[in-house]
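Source file: query.txt (compact mmCIF, C-alpha atoms (C1' of nucleotides))
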# COMPACT_ATOMS: atom_id res chain seq x y z
CA MET A 1 147.49 82.22 55.75
CA ILE A 2 143.73 81.97 55.58
CA ASP A 3 142.15 85.26 54.64
CA GLU A 4 138.60 86.41 54.99
CA ILE A 5 137.58 85.15 51.58
CA ASP A 6 138.78 81.67 52.44
CA GLN A 7 136.80 81.80 55.65
CA ASN A 8 133.69 82.75 53.72
CA ILE A 9 134.33 79.90 51.33
CA LEU A 10 134.73 77.45 54.20
CA GLU A 11 131.56 78.66 55.85
CA ALA A 12 129.58 78.41 52.66
CA LEU A 13 130.87 74.91 51.98
CA LEU A 14 130.17 73.84 55.55
CA GLN A 15 126.57 74.78 55.04
CA ASP A 16 126.30 73.29 51.58
CA SER A 17 129.22 71.53 50.01
CA ARG A 18 127.31 71.02 46.76
CA VAL A 19 126.90 74.69 46.04
CA SER A 20 128.05 75.54 42.52
CA LEU A 21 131.34 77.34 42.06
CA LYS A 22 129.47 80.07 40.30
CA GLU A 23 127.19 80.67 43.28
CA LEU A 24 130.12 80.40 45.65
CA ALA A 25 131.97 82.96 43.56
CA ARG A 26 129.00 85.31 43.69
CA ARG A 27 128.83 85.05 47.47
CA VAL A 28 132.46 85.82 48.12
CA GLY A 29 132.70 88.40 45.37
CA LEU A 30 135.12 86.68 43.03
CA SER A 31 135.01 85.00 39.66
CA ALA A 32 134.32 81.31 39.35
CA PRO A 33 137.82 80.26 38.27
CA SER A 34 139.36 82.15 41.18
CA VAL A 35 137.16 80.53 43.73
CA ALA A 36 137.75 77.14 42.13
CA GLU A 37 141.47 77.69 42.54
CA ARG A 38 141.04 78.70 46.17
CA VAL A 39 138.98 75.63 46.94
CA ARG A 40 141.56 73.46 45.23
CA ARG A 41 144.30 74.95 47.35
CA LEU A 42 142.35 74.65 50.58
CA GLU A 43 142.08 70.97 49.75
CA GLU A 44 145.72 70.70 48.82
CA ARG A 45 146.84 72.30 52.06
CA GLY A 46 144.66 69.93 54.03
CA VAL A 47 142.38 72.58 55.43
CA ILE A 48 139.48 70.91 53.71
CA ARG A 49 139.90 67.26 54.55
CA GLY A 50 137.02 66.18 52.39
CA PHE A 51 133.58 66.82 51.01
CA THR A 52 130.99 64.70 52.70
CA ILE A 53 127.42 64.40 53.89
CA GLU A 54 125.90 64.32 57.32
CA ILE A 55 123.65 61.34 57.81
CA ASP A 56 120.95 61.18 60.45
CA PRO A 57 121.51 57.94 62.39
CA LYS A 58 117.89 57.93 63.49
CA ALA A 59 116.76 57.81 59.90
CA LEU A 60 118.74 54.59 59.58
CA GLY A 61 117.14 53.10 62.66
CA TYR A 62 119.82 53.93 65.18
CA GLN A 63 117.64 55.35 67.89
CA LEU A 64 120.20 55.39 70.66
CA GLN A 65 123.52 57.05 71.12
CA ALA A 66 125.92 56.40 73.94
CA ILE A 67 129.29 57.69 75.05
CA VAL A 68 131.38 55.04 76.68
CA ARG A 69 134.63 55.37 78.56
CA VAL A 70 136.71 52.28 78.07
CA LYS A 71 139.57 51.22 80.30
CA PRO A 72 141.19 48.07 78.97
CA LEU A 73 142.50 45.54 81.44
CA PRO A 74 146.28 45.14 81.59
CA GLY A 75 147.60 43.79 78.30
CA MET A 76 144.27 44.12 76.58
CA LEU A 77 144.74 47.53 75.01
CA HIS A 78 145.34 46.43 71.45
CA VAL A 79 142.72 43.70 71.54
CA VAL A 80 140.17 46.18 72.78
CA GLN A 81 141.13 48.77 70.20
CA LYS A 82 140.84 46.27 67.39
CA LEU A 83 137.48 45.08 68.64
CA ILE A 84 136.24 48.65 68.69
CA GLU A 85 137.54 49.38 65.22
CA ASP A 86 135.96 46.26 63.82
CA THR A 87 132.55 46.93 65.24
CA ALA A 88 130.44 49.07 62.98
CA GLU A 89 128.43 50.61 65.76
CA PHE A 90 131.46 52.34 67.23
CA CYS A 91 131.38 55.54 65.25
CA GLU A 92 134.04 57.54 67.00
CA CYS A 93 136.96 56.61 69.17
CA ASP A 94 139.40 58.89 70.91
CA LYS A 95 142.46 57.71 72.76
CA VAL A 96 142.83 60.05 75.67
CA THR A 97 145.01 60.82 78.64
CA GLY A 98 143.86 59.91 82.09
CA ASP A 99 142.49 56.89 83.77
CA ASP A 100 140.20 55.85 80.96
CA CYS A 101 142.04 55.02 77.82
CA PHE A 102 139.33 55.41 75.19
CA VAL A 103 136.26 57.51 74.84
CA VAL A 104 133.96 56.08 72.21
CA ARG A 105 130.65 56.96 70.67
CA LEU A 106 128.17 54.25 69.89
CA HIS A 107 125.08 54.25 67.72
CA VAL A 108 122.68 51.41 68.39
CA ARG A 109 119.15 50.38 67.58
CA SER A 110 118.15 49.45 71.11
CA ILE A 111 119.26 49.05 74.69
CA ASP A 112 119.46 45.33 73.99
CA GLN A 113 121.95 45.88 71.25
CA LEU A 114 123.96 48.25 73.42
CA ASP A 115 124.11 45.66 76.14
CA HIS A 116 125.12 43.00 73.70
CA ILE A 117 127.94 45.03 72.22
CA LEU A 118 129.31 46.06 75.59
CA ASP A 119 129.13 42.46 76.79
CA ARG A 120 131.63 41.59 74.13
CA ILE A 121 134.30 43.76 75.70
CA ALA A 122 133.21 43.30 79.28
CA ASP A 123 135.90 40.68 79.96
CA LYS A 124 138.61 42.81 78.40
CA ALA A 125 137.91 46.26 79.77
CA GLN A 126 136.09 48.28 82.34
CA THR A 127 133.43 50.44 80.77
CA SER A 128 131.41 53.37 81.93
CA THR A 129 128.40 54.16 79.79
CA ALA A 130 126.45 57.36 79.42
CA ILE A 131 123.36 57.48 77.22
CA VAL A 132 123.06 60.62 75.13
CA LYS A 133 119.86 62.45 75.99
CA SER A 134 120.28 65.41 73.69
CA GLN A 135 122.89 67.25 71.71
CA PRO A 136 123.01 70.96 72.54
CA ILE A 137 125.83 71.28 70.04
CA LYS A 138 125.63 68.80 67.21
CA ARG A 139 129.03 69.44 65.70
CA ARG A 140 130.77 72.49 64.49
CA PRO A 141 134.24 73.42 63.43
CA PRO A 142 136.38 75.58 65.67
CA GLY A 143 137.16 79.18 65.05
CA ILE A 144 135.37 80.10 61.89
CA GLY A 145 132.12 81.92 61.79
CA GLN A 146 130.87 84.85 63.77
CA ARG A 147 131.32 83.30 67.21
CA LYS A 148 134.18 85.11 68.81
CA GLU A 149 137.17 83.08 69.83
CA THR A 150 138.46 82.82 73.33
CA PRO A 151 142.04 84.03 73.59
CA GLY A 152 144.67 82.11 75.47
CA ARG A 153 145.93 83.57 78.67
CA VAL A 154 148.92 85.83 78.14
CA SER A 155 151.56 84.06 80.13
CA MET B 1 112.92 51.68 53.11
CA ILE B 2 116.54 52.20 52.14
CA ASP B 3 117.57 49.83 49.41
CA GLU B 4 121.00 48.85 48.25
CA ILE B 5 121.17 51.59 45.66
CA ASP B 6 120.48 54.23 48.29
CA GLN B 7 123.23 52.75 50.43
CA ASN B 8 125.64 52.98 47.54
CA ILE B 9 124.62 56.57 46.97
CA LEU B 10 125.15 57.41 50.63
CA GLU B 11 128.55 55.77 50.65
CA ALA B 12 129.65 57.58 47.53
CA LEU B 13 128.46 60.91 48.89
CA LEU B 14 130.15 60.27 52.22
CA GLN B 15 133.41 59.90 50.40
CA ASP B 16 132.85 62.83 48.09
CA SER B 17 129.75 64.92 48.31
CA ARG B 18 130.75 66.97 45.29
CA VAL B 19 130.72 64.06 42.90
CA SER B 20 128.65 64.85 39.83
CA LEU B 21 125.24 63.26 39.47
CA LYS B 22 126.40 61.76 36.23
CA GLU B 23 129.32 60.00 37.89
CA LEU B 24 127.14 58.99 40.80
CA ALA B 25 124.64 57.56 38.35
CA ARG B 26 127.36 55.59 36.61
CA ARG B 27 128.54 54.09 39.89
CA VAL B 28 125.16 52.91 41.07
CA GLY B 29 124.01 51.85 37.62
CA LEU B 30 121.18 54.27 37.05
CA SER B 31 120.53 57.32 34.92
CA ALA B 32 121.38 60.79 36.14
CA PRO B 33 117.80 61.99 36.62
CA SER B 34 116.96 58.91 38.65
CA VAL B 35 119.84 59.31 40.97
CA ALA B 36 119.09 63.02 41.31
CA GLU B 37 115.58 62.10 42.37
CA ARG B 38 116.88 59.58 44.90
CA VAL B 39 119.27 62.09 46.41
CA ARG B 40 116.49 64.63 46.61
CA ARG B 41 114.29 62.16 48.46
CA LEU B 42 117.06 61.09 50.84
CA GLU B 43 117.35 64.74 51.73
CA GLU B 44 113.61 65.17 52.02
CA ARG B 45 113.29 62.20 54.33
CA GLY B 46 116.04 63.54 56.51
CA VAL B 47 118.43 60.68 55.91
CA ILE B 48 120.89 63.16 54.45
CA ARG B 49 120.97 65.97 56.93
CA GLY B 50 123.23 68.09 54.82
CA PHE B 51 126.14 68.38 52.44
CA THR B 52 129.21 69.63 54.18
CA ILE B 53 132.97 69.59 54.38
CA GLU B 54 135.35 68.20 56.92
CA ILE B 55 137.83 70.77 58.11
CA ASP B 56 141.12 69.88 59.73
CA PRO B 57 141.29 71.82 63.01
CA LYS B 58 145.06 71.56 63.00
CA ALA B 59 145.24 73.41 59.70
CA LEU B 60 143.45 76.27 61.41
CA GLY B 61 145.89 76.27 64.29
CA TYR B 62 143.92 74.21 66.76
CA GLN B 63 146.61 71.84 67.85
CA LEU B 64 144.88 70.38 70.86
CA GLN B 65 141.69 68.48 71.35
CA ALA B 66 140.13 67.62 74.68
CA ILE B 67 137.10 65.75 75.90
CA VAL B 68 135.68 67.22 79.05
CA ARG B 69 133.00 65.88 81.35
CA VAL B 70 131.06 68.71 82.89
CA LYS B 71 128.95 68.45 86.01
CA PRO B 72 127.23 71.75 86.72
CA LEU B 73 126.78 72.78 90.32
CA PRO B 74 123.17 72.83 91.59
CA GLY B 75 121.16 75.46 89.77
CA MET B 76 123.90 76.15 87.28
CA LEU B 77 122.83 73.79 84.51
CA HIS B 78 121.40 76.34 82.13
CA VAL B 79 124.11 78.90 82.77
CA VAL B 80 126.75 76.31 82.04
CA GLN B 81 124.98 75.11 78.91
CA LYS B 82 124.68 78.64 77.57
CA LEU B 83 128.32 79.34 78.31
CA ILE B 84 129.31 76.23 76.42
CA GLU B 85 127.11 77.06 73.46
CA ASP B 86 128.46 80.60 73.28
CA THR B 87 132.09 79.56 73.30
CA ALA B 88 133.42 78.83 69.85
CA GLU B 89 135.98 76.32 71.01
CA PHE B 90 133.32 73.92 72.25
CA CYS B 91 132.67 71.99 69.10
CA GLU B 92 130.46 69.24 70.36
CA CYS B 93 128.25 68.90 73.39
CA ASP B 94 126.20 65.91 74.48
CA LYS B 95 123.80 65.93 77.38
CA VAL B 96 124.06 62.50 78.92
CA THR B 97 122.68 60.33 81.67
CA GLY B 98 124.74 59.64 84.72
CA ASP B 99 126.69 61.67 87.16
CA ASP B 100 128.23 64.00 84.63
CA CYS B 101 125.71 66.05 82.81
CA PHE B 102 127.59 67.07 79.70
CA VAL B 103 130.33 65.56 77.64
CA VAL B 104 131.95 68.17 75.44
CA ARG B 105 134.70 68.30 72.88
CA LEU B 106 137.06 71.23 72.80
CA HIS B 107 139.47 72.41 70.15
CA VAL B 108 142.13 74.80 71.39
CA ARG B 109 145.40 76.31 70.27
CA SER B 110 147.33 75.60 73.41
CA ILE B 111 147.20 74.26 76.94
CA ASP B 112 147.06 77.85 78.09
CA GLN B 113 143.92 78.45 76.14
CA LEU B 114 142.40 75.23 77.43
CA ASP B 115 143.12 76.28 80.97
CA HIS B 116 141.69 79.71 80.36
CA ILE B 117 138.45 78.39 78.90
CA LEU B 118 137.95 75.85 81.67
CA ASP B 119 138.65 78.51 84.29
CA ARG B 120 135.60 80.33 83.08
CA ILE B 121 133.28 77.52 84.09
CA ALA B 122 135.30 76.36 87.08
CA ASP B 123 133.06 78.20 89.54
CA LYS B 124 129.89 76.84 87.95
CA ALA B 125 130.71 73.21 87.36
CA GLN B 126 133.01 70.36 88.18
CA THR B 127 135.03 69.34 85.17
CA SER B 128 137.10 66.34 84.28
CA THR B 129 139.40 66.79 81.34
CA ALA B 130 140.98 64.24 79.04
CA ILE B 131 143.38 65.34 76.31
CA VAL B 132 142.93 63.51 73.02
CA LYS B 133 146.13 61.70 72.11
CA SER B 134 144.95 60.09 68.91
CA GLN B 135 141.78 59.19 67.08
CA PRO B 136 141.66 55.51 66.14
CA ILE B 137 138.27 56.17 64.57
CA LYS B 138 137.89 59.66 63.27
CA ARG B 139 134.18 59.59 62.55
CA ARG B 140 132.00 57.31 60.59
CA PRO B 141 128.31 56.75 60.19
CA PRO B 142 126.71 53.68 61.66
CA GLY B 143 125.53 50.71 59.70
CA ILE B 144 126.32 51.45 56.10
CA GLY B 145 129.30 50.10 54.37
CA GLN B 146 130.82 46.65 54.39
CA ARG B 147 131.44 46.42 58.12
CA LYS B 148 128.94 43.91 59.40
CA GLU B 149 126.47 45.05 61.98
CA THR B 150 126.17 43.61 65.43
CA PRO B 151 122.72 42.19 66.05
CA GLY B 152 120.80 42.90 69.21
CA ARG B 153 120.30 40.06 71.61
CA VAL B 154 117.11 38.11 70.92
CA SER B 155 115.21 38.65 74.11
C1' DA C 1 90.93 38.62 35.80
C1' DT C 2 91.45 43.21 34.10
C1' DG C 3 91.73 48.02 34.02
C1' DT C 4 93.69 51.92 36.86
C1' DT C 5 96.84 54.28 39.34
C1' DC C 6 101.17 55.05 41.39
C1' DT C 7 105.94 54.63 41.63
C1' DG C 8 110.24 54.91 39.71
C1' DG C 9 112.71 54.49 35.73
C1' DT C 10 114.84 56.13 30.66
C1' DC C 11 115.69 59.31 26.84
C1' DG C 12 116.66 63.55 24.56
C1' DA C 13 116.73 68.65 24.35
C1' DT C 14 118.08 72.69 26.47
C1' DC C 15 120.16 75.53 29.61
C1' DT C 16 123.64 76.04 33.18
C1' DC C 17 128.08 75.25 34.96
C1' DG C 18 133.03 74.10 35.21
C1' DT C 19 137.41 74.40 33.13
C1' DC C 20 141.10 75.92 30.29
C1' DG C 21 144.08 79.17 27.98
C1' DA C 22 145.19 83.89 27.34
C1' DT C 23 145.72 88.06 29.46
C1' DC C 24 146.19 91.69 33.01
C1' DA C 25 147.09 94.02 37.54
C1' DT C 26 149.51 94.13 41.85
C1' DT C 27 152.96 93.05 44.91
C1' DT C 28 157.51 91.27 46.01
C1' DT C 29 162.22 90.55 44.85
C1' DT C 30 166.55 91.67 43.18
C1' DA D 1 163.34 100.27 38.36
C1' DA D 2 162.90 95.99 36.06
C1' DA D 3 161.51 91.37 36.58
C1' DA D 4 159.13 87.68 38.43
C1' DA D 5 155.52 85.67 40.94
C1' DT D 6 150.96 85.71 42.48
C1' DG D 7 146.27 85.88 41.90
C1' DA D 8 142.73 87.77 39.59
C1' DT D 9 139.42 88.31 35.04
C1' DC D 10 137.40 87.14 30.55
C1' DG D 11 135.63 84.31 26.88
C1' DA D 12 135.00 79.91 24.69
C1' DC D 13 134.06 75.24 24.76
C1' DG D 14 132.92 70.82 26.67
C1' DA D 15 130.58 68.55 30.42
C1' DG D 16 126.82 68.32 33.53
C1' DA D 17 122.08 69.26 35.47
C1' DT D 18 117.38 69.61 34.70
C1' DC D 19 112.96 69.30 32.56
C1' DG D 20 109.25 67.29 29.99
C1' DA D 21 107.54 63.38 27.64
C1' DC D 22 107.16 58.81 27.84
C1' DC D 23 107.39 53.79 29.55
C1' DA D 24 107.38 49.48 32.59
C1' DG D 25 106.03 47.05 36.53
C1' DA D 26 103.66 46.57 41.08
C1' DA D 27 99.73 47.43 43.94
C1' DC D 28 95.06 48.13 44.03
C1' DA D 29 90.08 48.38 42.98
C1' DT D 30 86.47 47.11 40.38
Now, as a test, write the supplied structure out as structure tokens.
Amino acid sequence: MIDEIDQNILEALLQDSRVSLKELARRVGLSAPSVAERVRRLEERGVIRGFTIEIDPKALGYQLQAIVRVKPLPGMLHVVQKLIEDTAEFCECDKVTGDDCFVVRLHVRSIDQLDHILDRIADKAQTSTAIVKSQPIKRRPPGIGQRKETPGRVS
Amino acid sequence: MIDEIDQNILEALLQDSRVSLKELARRVGLSAPSVAERVRRLEERGVIRGFTIEIDPKALGYQLQAIVRVKPLPGMLHVVQKLIEDTAEFCECDKVTGDDCFVVRLHVRSIDQLDHILDRIADKAQTSTAIVKSQPIKRRPPGIGQRKETPGRVS
DNA sequence: ATGTTCTGGTCGATCTCGTCGATCATTTTT
DNA sequence: AAAAATGATCGACGAGATCGACCAGAACAT
């Protein structure tokens, strides 16, 4: 379904989504219209969810990053979720299995601000905060690129 | 340091990083060369870390997402970190404060594969796995856009 | 105050790039 | 084996990016 050329296209766009179609075509060894059509179809099929930029939070003054596990008190789930969604500093929120209900990522300017934000949900949920010290892997997509994939166990 | 026009540029590029400079210029009310210069400087200053695409892991066959807390056994920290970095399915890794050392995000094709991957670090670290059920917030940058920011407490 | 410099903008010309229609080759279907 | 569908190329034309020249306003020094 996704051939090698598509993979090359995806990799190139991951590195620089503003690359010209002409250059992209040169890299994957096709003509510009062909590669344009392939990109269009990757979008259409939902493989490419969007073209975007990566912004450095630090450059915007957000010096601190935290990962917080959030366990809403009984009956508070939706209230907590809404509060999280409506607070700009929550930049990622995953609803997960297990004892904790949410795992969220927070970008803040200071410890003070972190404390202040968490105070606001303190009476609605139990939280467990971990400050991010470094990011050995910043963010990468699964399964494309030269890293070899790990096969599933043959069951 | 970052004025309103820059914010508008960032927002527009977040939504579509392939927008033409002409269109971008029209939206923020400047000429094309001006906006080109602003984008160049946002890049130069490191505010824009890169132009990229968002890929849907599901479209590539990665049906499952998990968040795993990893606590390496004594002396195993670097081994564990290297193993994580070298495994394609680990798509995000944060080194954090607290009892757990790493918080990682995994994309896998099946529970089998998840089990297989975690088996490989089972003798080097304690892990605590949470399967992602949904993502109320998929990913957004902090502090730009119309969501109001939460101020830090005045101390 | 006033002249200077620096920053950040516009305009217009030129060159590059994207897109569209026509066409062709290859593979799949019947 | 003929036909249809897929996916590519080519060339032309319109749209976009870029570059140099030039201009306005703020900050600064004299």
What are the closest atom pairs, with distances in Å to one decimal, for all residues of chain A lying within 6 Å of chain B? Consider only C-alpha atoms, order rows by chain and residue number, and present the result as CSV.
residue,atom,partner,partner_atom,distance
A:Leu13,CA,B:Thr52,CA,6.0
A:Leu14,CA,B:Thr52,CA,4.5
A:Gln15,CA,B:Thr52,CA,5.9
A:Asp16,CA,B:Phe51,CA,5.0
A:Ser17,CA,B:Thr52,CA,4.6
A:Arg18,CA,B:Arg18,CA,5.5
A:Val47,CA,B:Ala59,CA,5.2
A:Ile48,CA,B:Ile55,CA,4.7
A:Arg49,CA,B:Glu54,CA,5.2
A:Gly50,CA,B:Glu54,CA,5.2
A:Phe51,CA,B:Ile53,CA,4.4
A:Thr52,CA,B:Leu14,CA,4.5
A:Ile53,CA,B:Phe51,CA,4.4
A:Glu54,CA,B:Arg49,CA,5.2
A:Ile55,CA,B:Ile48,CA,4.7
A:Asp56,CA,B:Val47,CA,5.2
A:Ala59,CA,B:Val47,CA,5.2
A:Ala88,CA,B:Arg147,CA,5.6
A:Glu89,CA,B:Pro142,CA,5.4
A:Cys91,CA,B:Arg140,CA,5.0
A:Glu92,CA,B:Arg139,CA,4.9
A:Cys93,CA,B:Ile137,CA,4.8
A:Asp94,CA,B:Gln135,CA,4.5
A:Lys95,CA,B:Ser134,CA,5.2
A:Val96,CA,B:Val132,CA,4.4
A:Thr97,CA,B:Ala130,CA,5.3
A:Asp112,CA,B:Gly152,CA,5.5
A:Gln113,CA,B:Gly152,CA,3.8
A:Ala130,CA,B:Thr97,CA,5.3
A:Ile131,CA,B:Thr97,CA,5.3
A:Val132,CA,B:Val96,CA,4.3
A:Lys133,CA,B:Val96,CA,5.1
A:Ser134,CA,B:Lys95,CA,5.1
A:Gln135,CA,B:Asp94,CA,4.5
A:Pro136,CA,B:Cys93,CA,5.7
A:Ile137,CA,B:Cys93,CA,4.8
A:Lys138,CA,B:Glu92,CA,5.8
A:Arg139,CA,B:Glu92,CA,4.9
A:Arg140,CA,B:Cys91,CA,5.0
A:Pro142,CA,B:Glu89,CA,5.4
A:Arg147,CA,B:Ala88,CA,5.6
A:Glu149,CA,B:Ala88,CA,5.7
A:Gly152,CA,B:Gln113,CA,3.8
A:Arg153,CA,B:Asp112,CA,5.9
Item to complete: Find the distance between atom CA of Leu21 of chain A and atom C1' of DC20 of chain C and write it in Å to one decimal.
Response: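 Calculated distance between atom CA of Leu21 of chain A and atom C1' of DC20 of chain C is 15.4 Å.
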Worksheet entry | Å distance separating atom C1' of DC10 of chain D from atom C1' of DA22 of chain C, one decimal place |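 Distance reported for this atom pair: 9.0 Å.
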Select residues of chain B: the criterion is any atom within 12 Å of an atom of chain C, counting all atoms listed in the file; output as a PDB file with C-alpha atoms, keeping the file's coordinate frame.
ATOM      1  CA  SER B  20     128.650  64.850  39.830  1.00  0.00           C
ATOM      2  CA  GLY B  29     124.010  51.850  37.620  1.00  0.00           C
ATOM      3  CA  LEU B  30     121.180  54.270  37.050  1.00  0.00           C
ATOM      4  CA  SER B  31     120.530  57.320  34.920  1.00  0.00           C
ATOM      5  CA  ALA B  32     121.380  60.790  36.140  1.00  0.00           C
ATOM      6  CA  PRO B  33     117.800  61.990  36.620  1.00  0.00           C
ATOM      7  CA  SER B  34     116.960  58.910  38.650  1.00  0.00           C
ATOM      8  CA  VAL B  35     119.840  59.310  40.970  1.00  0.00           C
ATOM      9  CA  GLU B  37     115.580  62.100  42.370  1.00  0.00           C
ATOM     10  CA  ARG B  38     116.880  59.580  44.900  1.00  0.00           C
TER      11      ARG B  38
END
Box in all listed atoms of segment 18-23 of chain D, axis-aligned, with 6 Å more on each side; write out centre and edge lengths in Å to one decimal as AutoDock Vina command-line options.
--center_x 112.3 --center_y 61.7 --center_z 31.2 --size_x 22.2 --size_y 27.8 --size_z 19.1
Worksheet item: Using all atoms listed in the file, which chain D residues lie at most 12 Å away from chain A, written as a PyMOL selection string?
Response: chain D and resi 7-10+16-17
Worksheet item: What is the distance, in Å and to one decimal place, between atom CA of Ala125 of chain A and atom CA of Val80 of chain A?
Response: 7.3 Å
